[in-house]
Amino acid sequence: MNVHTMALVLSDWSYLDTWIVAIGALCAMACASCGCFLVLRRMSMMGDAISHGVLPGIVIAFLVSSTRSSTIMFIGAALAGLLTALASQWLSQWLRVERSGAIGVVFTTLFALGILLIVVAADSVELDPHCVLYGEIALAPLDVIRVGGIDIPRAALSLGIVWIVNLGICLVLLKELRMASFDPQFSRSIDFKPELLNALIMTMVAVTTVAAFESVGSILVLAMLVIPPVIARLLSDRFTGMLWWCMLIGVVASIIGHVGAITLPRIVGYESTNTAGMMTVSLVVLLALVILIAPGPGILAQAARRRRHRLQVAQEDLLGLLFRMEEANQHQISSGTLLARAAEAGGHGRAMVSRALGKLLSTQRIQIAPEGVQLRESGRREASQLVRSHRLWERYLSDQVGLQDDHVHETAMMLEHVTSPEMQSRLAEESSGDRTDPHGRPIPGSEKD
Amino acid sequence: MGSPRGNRHQPGCQVGDLGPEHSDKSAVSIHDLTVAYDRKPVIWDIDVDIPSGHLVAIVGPNGAGKSTLLKAAVDLVPTSSGQVRIFGSPYAQTRDSVAYVPQRESVDWDFPVTSLDVACMGLYRSIGWLRPVNRAHRKRGIEALDRLGIADLADRQISRLSGGQQQRVFLARALAQDAQLYLMDEPFAAVDAATEEAIVRLLQELRSQGRTLVVVHHDIQTVRKYFDWVLLLNMRIVSSGPTDEVFTSENLSKTYGGRLTLLDDAAEAVARGDR
Amino acid sequence: MIAATDTLSSDLLELLTLSQYNTRVVLIAVGLLGASAGCAGTLLLLRKRALLSDAMSHATLPGLCIGFLIAGSLGMDARSPWVLLPSACMTALASLGTYLLLLKVPRIRPDAALAIVLSGWFGLGVVLLGILQQAPNGNAGGLDSFIYGKAATIRASDTWLIAACAVLMITTCVLLLKELRLICFDASFARGSGWPVWAIDGVSLCMVILVTVVGLHAVGLILVVALLIIPPVSARFWTHHFGRMMLVSAIIGFAGAVIGGGITSLVSNLPSGAVIVLVCSAIFITSLLFGADRGLVKSLLTRRRSRRKTGIDHLLRAMYEQSEHNKDATVSKEFLSGIRTWRTPTLESIIRLARRRGFILQTEDELRLTRAGLELGRQLTRRHRLWELYLIHHAMIDPTHVDRDADDVEHFLDASMVRRLETLLQPGEEPRSPHHLEIEDPST
């Protein structure tokens with residue numbers, strides 16, 4: 001990668017670039033704050049439908065007012081967006097059209113109408129079909145209004161206002177919106193009007209879509225609506241936590257997106273590319289990263305947990321094996337034999353058992369004696385509890401569950417690793433003082449004995 | 001609305017001896033209620049009084065309309081005819097004294113809220129719109145969770161709870177509502193023994209405080225043990241009254257013994273004719 | 001002005017007679033495309049996956065861009081469908097793969113996964129498009145026709161491609177009709193009885209991808225999903241039979257595409273995708289209103305008919321019951337409006353209808369049943385009382401309520417249900433109605 005070229009490009013950074021990043025961030029944050037509800041209510045595709053459905057509203061507002069007057073545009077688009085949501089709901093509820101089919105019919109019709117209007121009225125509408133696809137975020141900073149002596153891009157202003165309003169609604173109506181999304185039936189039973197709140201969310205989505213339209217177009221807005229909340233949900237278990245993560249992700253994606261858009265194409269010899277598209281790509285990359293490395297549900301974290309668990313099981317299997325050998329009066333065993341037998345008995349890989357052996361040695365639960373490996377006192381205590389659990393389970397499975405005696409061993413092998421002390425004492429109660437397992441071997445005493 | 005207490009020992013009413021005037025002191029009085037989904041009647045002409053201060057089971061086979069009856073009582077489904085009065089008034093006026101517990105499967109348990117958040121939802125009506133949940137509310141939420149023995153799980157996200165714990169969270173929410181009438185849809189469905197015990201203890205405690213509990217129940221084995229009043233339902237009321245009198249094998253076989261196929265067919269025919 | 005009208009009408013004539021080679025080619029192509037989209041869309045809709053096609057069609061954008069770059073660097077015609085379409089297919093397939101992968105991630109719901117796939121792949125496409133526009137070997141303008149659809153750019157060679165795909169798809173649908181119906185209806189049953197559901201599903205998804213990619217030319221990648229969704233949704237209003245639904249859907253797709261394509265060839269500069277979709281939407285609205293299976297008008301008519309029937313039934317029964325007390329008596333309107341809470345205009349219209357059908361005779365304010373009316377009234381009364389008895393004895397409903405319930409139901413009891421009622425009630429049960437009136441057997 002040509003770091004030099006990238007540095008050169010970045011040294012050309014101007015206030016325009018800063019504004020583009022700001023507009024992108026505001027756009028992502030405004031979208032994400034209402035997108036949270038879409039994602040949580042499993043209505044993400046309704047976001048797609050609304051963002052397409054607002055197009056004829058925008059165009060008609062253009063035709064009527066013949067300016068980019070924000071108020072009329074917002075009203076027209078909000079109405080069209082609500083129409084999309086209501087019409088598809090109506091189709092599926094009253095005419096029993098399958099839900100996704102209903103959404104599909106409504107939004108494609110409205111979008112087609114919008115495209116047709118744009119082309120037919122091309123002279124009076126200064127919108128070109130490309131803007132619909134990916135917006136014109138690069139041109140947005142040039143269209144400024146003066147507020148209090150500072151030139152602020154119109155897009156930044158409208159997106160900023162929408163963002164603050166959205167966030168305000170989310171925080172002020174936090175408990176109402178959260179409850180209506182979580183349990184609409186209960187909300188209705190205590191008269192908290194979930195239908196009304198649903199309409200509010202749809203209106204928020206429609207208005208936000210319009211504000212974002214010029215910057216990112218009507219298709220990429222879906223990425224801003226859905227991807228940040230999905231990432232945030234992977235990172236947080238709280239609704240408010242999700243909201244704040246969304247804001248951070250919006251800012252980060254905007255910065256990476258713009259920097260990527262102006263630098264990456266240079267590497268293959270082109271000029272810069274579309275920032276909104278690159279923002280979407282960076283959101284997807286962030287999502288992939290989070291899926292990979294998120295602490296709880298992340299793939300790596302899960303793999304590590306599974307691995308840790310397998311190591312634990314291997315250690316316990318080794319201890320159990322040594323304990324059973326001591327019972328058979330064989331107090332030492334060469335490590336090679338031990339590893340082979342443990343690998344065979346527990347179905348572990350050789351590498352896994354040798355790691356487990358190393359771990360047992362380093363935690364002083366076993367020791368190397370002249371003729372091989374033997375248990376130390378702490379290891380023996382742990383092992384006896386494991387074997388106790390194992391044999392209690394065998395007893396239980398044989399007596400209470402009614403499994404055949406020659407079938408209980410495998411199941412007990414699995415269960416002994418997950419048996420808590422409480423479970424063990426309950427098992428002991430159930431086995432009603434029987435001191436041997438179904439194969440006649442003694443059940444070791446409990447820790448307290 | 002009269003005080004729901006003090007009239008606990010109202011005589012049981014069998015189907016047939018109900019006049020058009022219902023006692024307005026009963027907890028729930030349902031008159032001529034018919035509910036139809038998509039024009040197909042699900043419950044026909046329900047006419048029943050549930051006296052206050054009882055622990056009432058609604059028992060019946062699948063598809064008998066048990067949940068529908070509860071939903072109709074709290075205006076969650078539109079009714080074709082008839083009316084429901086709660087403590088003598090329409091539901092809209094008595095919301096504050098009613099707590100409804102939906103079926104556990106009716107919500108998304110992956111939703112990012114904690115047990116405490118859910119329990120506090122029971123207080124929302126007293127908190128009102130726009131006002132935030134403050135520390136005092138949270139304390140009451142924790143008390144409610146504590147009465148179900150899960151105060152230590154208050155900060156846990158609800159998907160990390162077991163099925164029984166989730167059901168307890170739902171009940172804690174209802175408890176926080178501090179209602180006079182509790183309508184519960186299958187609270188014992190798929191819960192562990194400890195939870196079942198905890199719930200029963202709570203229900204009996206609430207009854208002893210003079211509150212009325214109407215519970216959709218699917219386990220015939222435990223009806224006699226848990227409930228003192230039974231409502232046998234299979235699209236229409238088969239019988240209702242004190243458990244000792246009503247919960248007989250004869251009534252049960254009427255409730256479960258074969259569906260009323262003609263009634264089903266007639267419902268279909270009505271739905272077809274209207275379409 | 002006159003000249004303009006002249007050209008328009010001669011254009012129209014040309015269009016209708018299909019005399020121009022170009023128009024012929026375009027219309028055949030879009031028509032076949034519409035028909036095959038109708039078939040594939042039926043499968044999608046019935047498997048409740050309508051919006052999956054939306055995501056896949058958007059995911060063709062990066063494929064098109066990559067194809068364009070490859071074709072350019074190989075020195076081929078950058079708009080050649082032989083490069084663009086396979087690469088579009090590849091990204092569409094890749095998007096399906098990403099969707100399936102995302103479904104495996106905990107906490108990501110299918111709807112969110114769909115939205116991520118749609119916008120993510122499209123975003124990549126936009127990035128590539130931004131680069132393409134600076135490509136030295138030509139402008140990216142050619143891609144426009146793939147994004148919004150430009151039926152006029154379809155050439156004879158494209159028609160062959162579309163025709164081949166359409167024939168392939170329609171044959172597959174016909175051959176696999178039974179299997180497809182099975183998995184659309186109950187996939188888990190199909191899996192349980194040993195059908196390779198994933199393979200049949202795969203076939204139907206491949207058909208969808210094929211339609212999407214082939215349809216890019218005519219409808220464009222944003223709206224091609226409409227061709228897959230609107231025809232089957234409309235067809236549902238005409239029939240509920242799987243095979244017929246597929247046929248109707250194919251016909252609607254064909255008609256919508258041909259009419260839309262025709263309009264765009266008449267009026268220059270219209271985006272053919274949008275026009276075709278709007279024509280399809282018009283067909284949808286027509287179906288919604290006039291559909292034979294569950295159209296609005298039909299259900300309103302049915303409801304009106306059943307209301308009228310109910311009214312006449314009630315009138316005849318009231319008059320018959322009156323005649324039981326007093327043979328050959330006449331009945332006054334005041335009396336009738338007294339027994340049921342009929343409003344005067346309603347009563348008037350019911351009486352008018354009943355008179356027209358020859359059930360009653362009217363003299364001044366007096367009404368009397370004709371022979372036919374008497375017979376029908378007797379049957380109705382019998383049904384009513386049978387049902388009342390059933391409710392009392394089998395459904396255990398309070399006798400004071402049965403009258404109203406029976407009122408609702410009696411109109412819908414057919415002959416077989418009446419027979420079942422008779423067998424249930426006759427042996428040993430009370431032959432009298434709860435209101436102490438005989439149930440008369442119509443045969444006596």
# chains A, B, ... in the order shown; residues from 1 in each chain; ligands from 1

$ residues_around --residues "Trp82 of chain C" --least-positions-apart "6" --cutoff "10 Å" --atoms "only C-alpha atoms" --output "PyMOL selection string"
chain C and resi 67+71+158+161

$ write_last_selection --atoms "N, CA, C and O atoms" --output "compact mmCIF listing (two decimals), in the first residue's frame"
# COMPACT_ATOMS: atom_id res chain seq x y z
N GLY C 67 -18.01 -6.65 -13.61
CA GLY C 67 -18.08 -7.13 -14.98
C GLY C 67 -17.65 -6.06 -15.97
O GLY C 67 -16.91 -6.32 -16.92
N ALA C 71 -14.59 -6.50 -18.42
CA ALA C 71 -14.80 -6.42 -19.86
C ALA C 71 -13.92 -5.33 -20.46
O ALA C 71 -13.29 -5.51 -21.50
N ASP C 158 -30.04 -10.28 -27.12
CA ASP C 158 -30.54 -10.33 -25.75
C ASP C 158 -31.85 -11.09 -25.69
O ASP C 158 -32.12 -11.82 -24.74
N LEU C 161 -31.37 -14.66 -25.35
CA LEU C 161 -30.96 -15.01 -23.99
C LEU C 161 -32.17 -15.05 -23.06
O LEU C 161 -32.40 -16.02 -22.32

$ closest_atom_pairs --of "chain C" --to "chain A" --cutoff "8 Å" --atoms "only C-alpha atoms" --output "tab-separated table"
residue	atom	partner	partner_atom	distance
C:Leu45	CA	A:Gly101	CA	6.4
C:Lys48	CA	A:Ser100	CA	6.8
C:Arg49	CA	A:Ser100	CA	7.2
C:Ala50	CA	A:Gly101	CA	5.6
C:Leu51	CA	A:Ser100	CA	6.1
C:Val105	CA	A:Ile291	CA	7.5
C:Pro106	CA	A:Pro297	CA	6.7
C:Arg107	CA	A:Leu234	CA	7.0
C:Ile108	CA	A:Val230	CA	6.9
C:Arg109	CA	A:Arg42	CA	6.9
C:Asp111	CA	A:Ser44	CA	5.6
C:Ala112	CA	A:Ser44	CA	5.4
C:Leu114	CA	A:Met45	CA	7.5
C:Ala115	CA	A:Met45	CA	6.1
C:Ile116	CA	A:Ile227	CA	6.2
C:Ser119	CA	A:Ala223	CA	5.1
C:Gly120	CA	A:Thr280	CA	6.1
C:Phe122	CA	A:Leu220	CA	7.4
C:Gly123	CA	A:Gly277	CA	4.4
C:Leu124	CA	A:Val281	CA	5.9
C:Gly125	CA	A:Gly277	CA	7.7
C:Val126	CA	A:Gly277	CA	5.2
C:Val127	CA	A:Gly277	CA	5.1
C:Leu128	CA	A:Thr273	CA	7.7
C:Gly130	CA	A:Thr273	CA	4.6
C:Ile131	CA	A:Thr273	CA	5.6
C:Gln134	CA	A:Tyr270	CA	7.0
C:Ala135	CA	A:Tyr270	CA	7.9
C:Leu223	CA	A:Thr108	CA	6.4
C:Val225	CA	A:Thr108	CA	7.8
C:Ala226	CA	A:Thr108	CA	5.8
C:Ile229	CA	A:Gly101	CA	6.2
C:Ile230	CA	A:Val105	CA	5.5
C:Val233	CA	A:Gly101	CA	6.7
C:Asn269	CA	A:Val119	CA	7.9
C:Leu270	CA	A:Val119	CA	6.8
C:Pro271	CA	A:Leu116	CA	6.7
C:Gly273	CA	A:Ala112	CA	7.5
C:Ala274	CA	A:Ala112	CA	4.3
C:Val275	CA	A:Leu116	CA	7.2
C:Val277	CA	A:Ala112	CA	6.4
C:Leu278	CA	A:Thr109	CA	6.0
C:Ser281	CA	A:Thr109	CA	6.1
C:Arg294	CA	A:Leu95	CA	7.7

$ residues_around --residues "Leu203 of chain B" --least-positions-apart "6" --cutoff "10 Å" --atoms "only C-alpha atoms" --output "VMD selection string"
chain B and resid 55 171 182 197 209 211 to 215 226 to 227

$ closest_residue --among "B:Leu231, B:Ala172, B:Ile220, B:Leu76" --to "Gly149 of chain B" --atoms "only C-alpha atoms"
B:Ala172

$ residues_around --residues "segment 93-101 of chain C" --least-positions-apart "2" --cutoff "8 Å" --atoms "only C-alpha atoms" --output "short mmCIF file (atom, residue, chain, number, x, y, z; two decimals) with N, CA and C atoms, in the first residue's frame"
data_model
loop_
_atom_site.label_atom_id
_atom_site.label_comp_id
_atom_site.auth_asym_id
_atom_site.auth_seq_id
_atom_site.Cartn_x
_atom_site.Cartn_y
_atom_site.Cartn_z
N ALA C 55 -33.15 -7.82 -1.90
CA ALA C 55 -31.74 -7.77 -1.51
C ALA C 55 -30.85 -8.30 -2.62
N MET C 56 -31.25 -9.41 -3.24
CA MET C 56 -30.40 -10.01 -4.27
C MET C 56 -30.31 -9.12 -5.49
N ALA C 59 -27.92 -6.45 -4.91
CA ALA C 59 -26.55 -6.96 -4.86
C ALA C 59 -25.96 -7.19 -6.24
N CYS C 89 -24.69 -12.36 -11.57
CA CYS C 89 -25.16 -13.60 -10.93
C CYS C 89 -24.28 -13.94 -9.73
N MET C 90 -22.96 -13.79 -9.93
CA MET C 90 -22.04 -14.16 -8.86
C MET C 90 -22.30 -13.34 -7.60
N THR C 91 -22.42 -12.02 -7.75
CA THR C 91 -22.63 -11.22 -6.53
C THR C 91 -24.01 -11.48 -5.94
N LEU C 103 -27.63 -15.06 9.27
CA LEU C 103 -28.68 -15.70 10.06
C LEU C 103 -28.11 -16.52 11.19
N LYS C 104 -26.85 -16.96 11.03
CA LYS C 104 -26.24 -17.81 12.05
C LYS C 104 -25.71 -17.01 13.24
N VAL C 105 -25.57 -15.69 13.04
CA VAL C 105 -25.03 -14.86 14.13
C VAL C 105 -26.12 -14.65 15.17
N ALA C 113 -30.87 -8.95 8.88
CA ALA C 113 -29.88 -9.56 8.01
C ALA C 113 -30.15 -9.17 6.55
N LEU C 114 -31.42 -9.19 6.20
CA LEU C 114 -31.81 -8.82 4.83
C LEU C 114 -31.43 -7.38 4.53
N VAL C 117 -27.65 -7.06 4.13
CA VAL C 117 -27.18 -7.59 2.85
C VAL C 117 -27.52 -6.63 1.72
N LEU C 118 -28.77 -6.17 1.73
CA LEU C 118 -29.21 -5.27 0.66
C LEU C 118 -28.33 -4.03 0.60
N TRP C 121 -24.21 -4.66 0.12
CA TRP C 121 -23.75 -4.96 -1.24
C TRP C 121 -23.99 -3.78 -2.16
N ILE C 209 -32.81 -15.65 -9.08
CA ILE C 209 -31.59 -14.92 -9.46
C ILE C 209 -31.54 -14.75 -10.97
#

$ interface_residues --of "chain A" --to "chain B" --cutoff "10 Å" --atoms "only C-alpha atoms" --output "ChimeraX atom specification"
/A:40-42,93-94,169,171-176,178-179,181-192,233,236-242

$ select_by_dssp --residues "segment 20-266 of chain B" --states "strand (DSSP E)" --output "PyMOL selection string"
chain B and resi 28-37+40-50+55-59+81-86+98-101+181-185+212-216+229-234+236-242

$ atom_distance --atom1 "atom CA of Gly311 of chain C" --atom2 "atom CA of Val418 of chain C"
20.4 Å

$ closest_residue --among "B:Pro90, B:Pro61, B:Gly82, B:Gly53" --to "chain C" --atoms "only C-alpha atoms"
B:Gly82

$ residues_around --residues "Gln362 of chain C" --least-positions-apart "2" --cutoff "12 Å" --atoms "only C-alpha atoms" --output "VMD selection string"
chain C and resid 330 to 333 348 351 to 356 358 to 360 364 to 370

$ write_last_selection --atoms "C-alpha atoms" --output "short mmCIF file (atom, residue, chain, number, x, y, z; two decimals), in the first residue's frame"
data_model
loop_
_atom_site.label_atom_id
_atom_site.label_comp_id
_atom_site.auth_asym_id
_atom_site.auth_seq_id
_atom_site.Cartn_x
_atom_site.Cartn_y
_atom_site.Cartn_z
CA THR C 330 -102.20 -11.47 7.06
CA VAL C 331 -99.50 -9.51 8.82
CA SER C 332 -99.12 -5.77 9.06
CA LYS C 333 -95.88 -3.87 8.70
CA GLU C 348 -89.40 -1.69 3.15
CA ILE C 351 -90.39 -6.54 1.73
CA ARG C 352 -89.73 -5.30 -1.80
CA LEU C 353 -87.08 -7.98 -2.32
CA ALA C 354 -89.25 -10.73 -0.91
CA ARG C 355 -92.17 -9.64 -3.10
CA ARG C 356 -89.98 -9.62 -6.19
CA GLY C 358 -92.45 -14.27 -5.10
CA PHE C 359 -92.38 -15.13 -1.41
CA ILE C 360 -95.05 -12.68 -0.27
CA GLU C 364 -102.08 -2.09 1.10
CA ASP C 365 -100.34 -2.49 4.46
CA GLU C 366 -101.14 -6.16 4.75
CA LEU C 367 -98.66 -8.89 3.83
CA ARG C 368 -99.35 -12.54 3.20
CA LEU C 369 -97.07 -15.47 2.35
CA THR C 370 -97.33 -17.12 -1.03
#
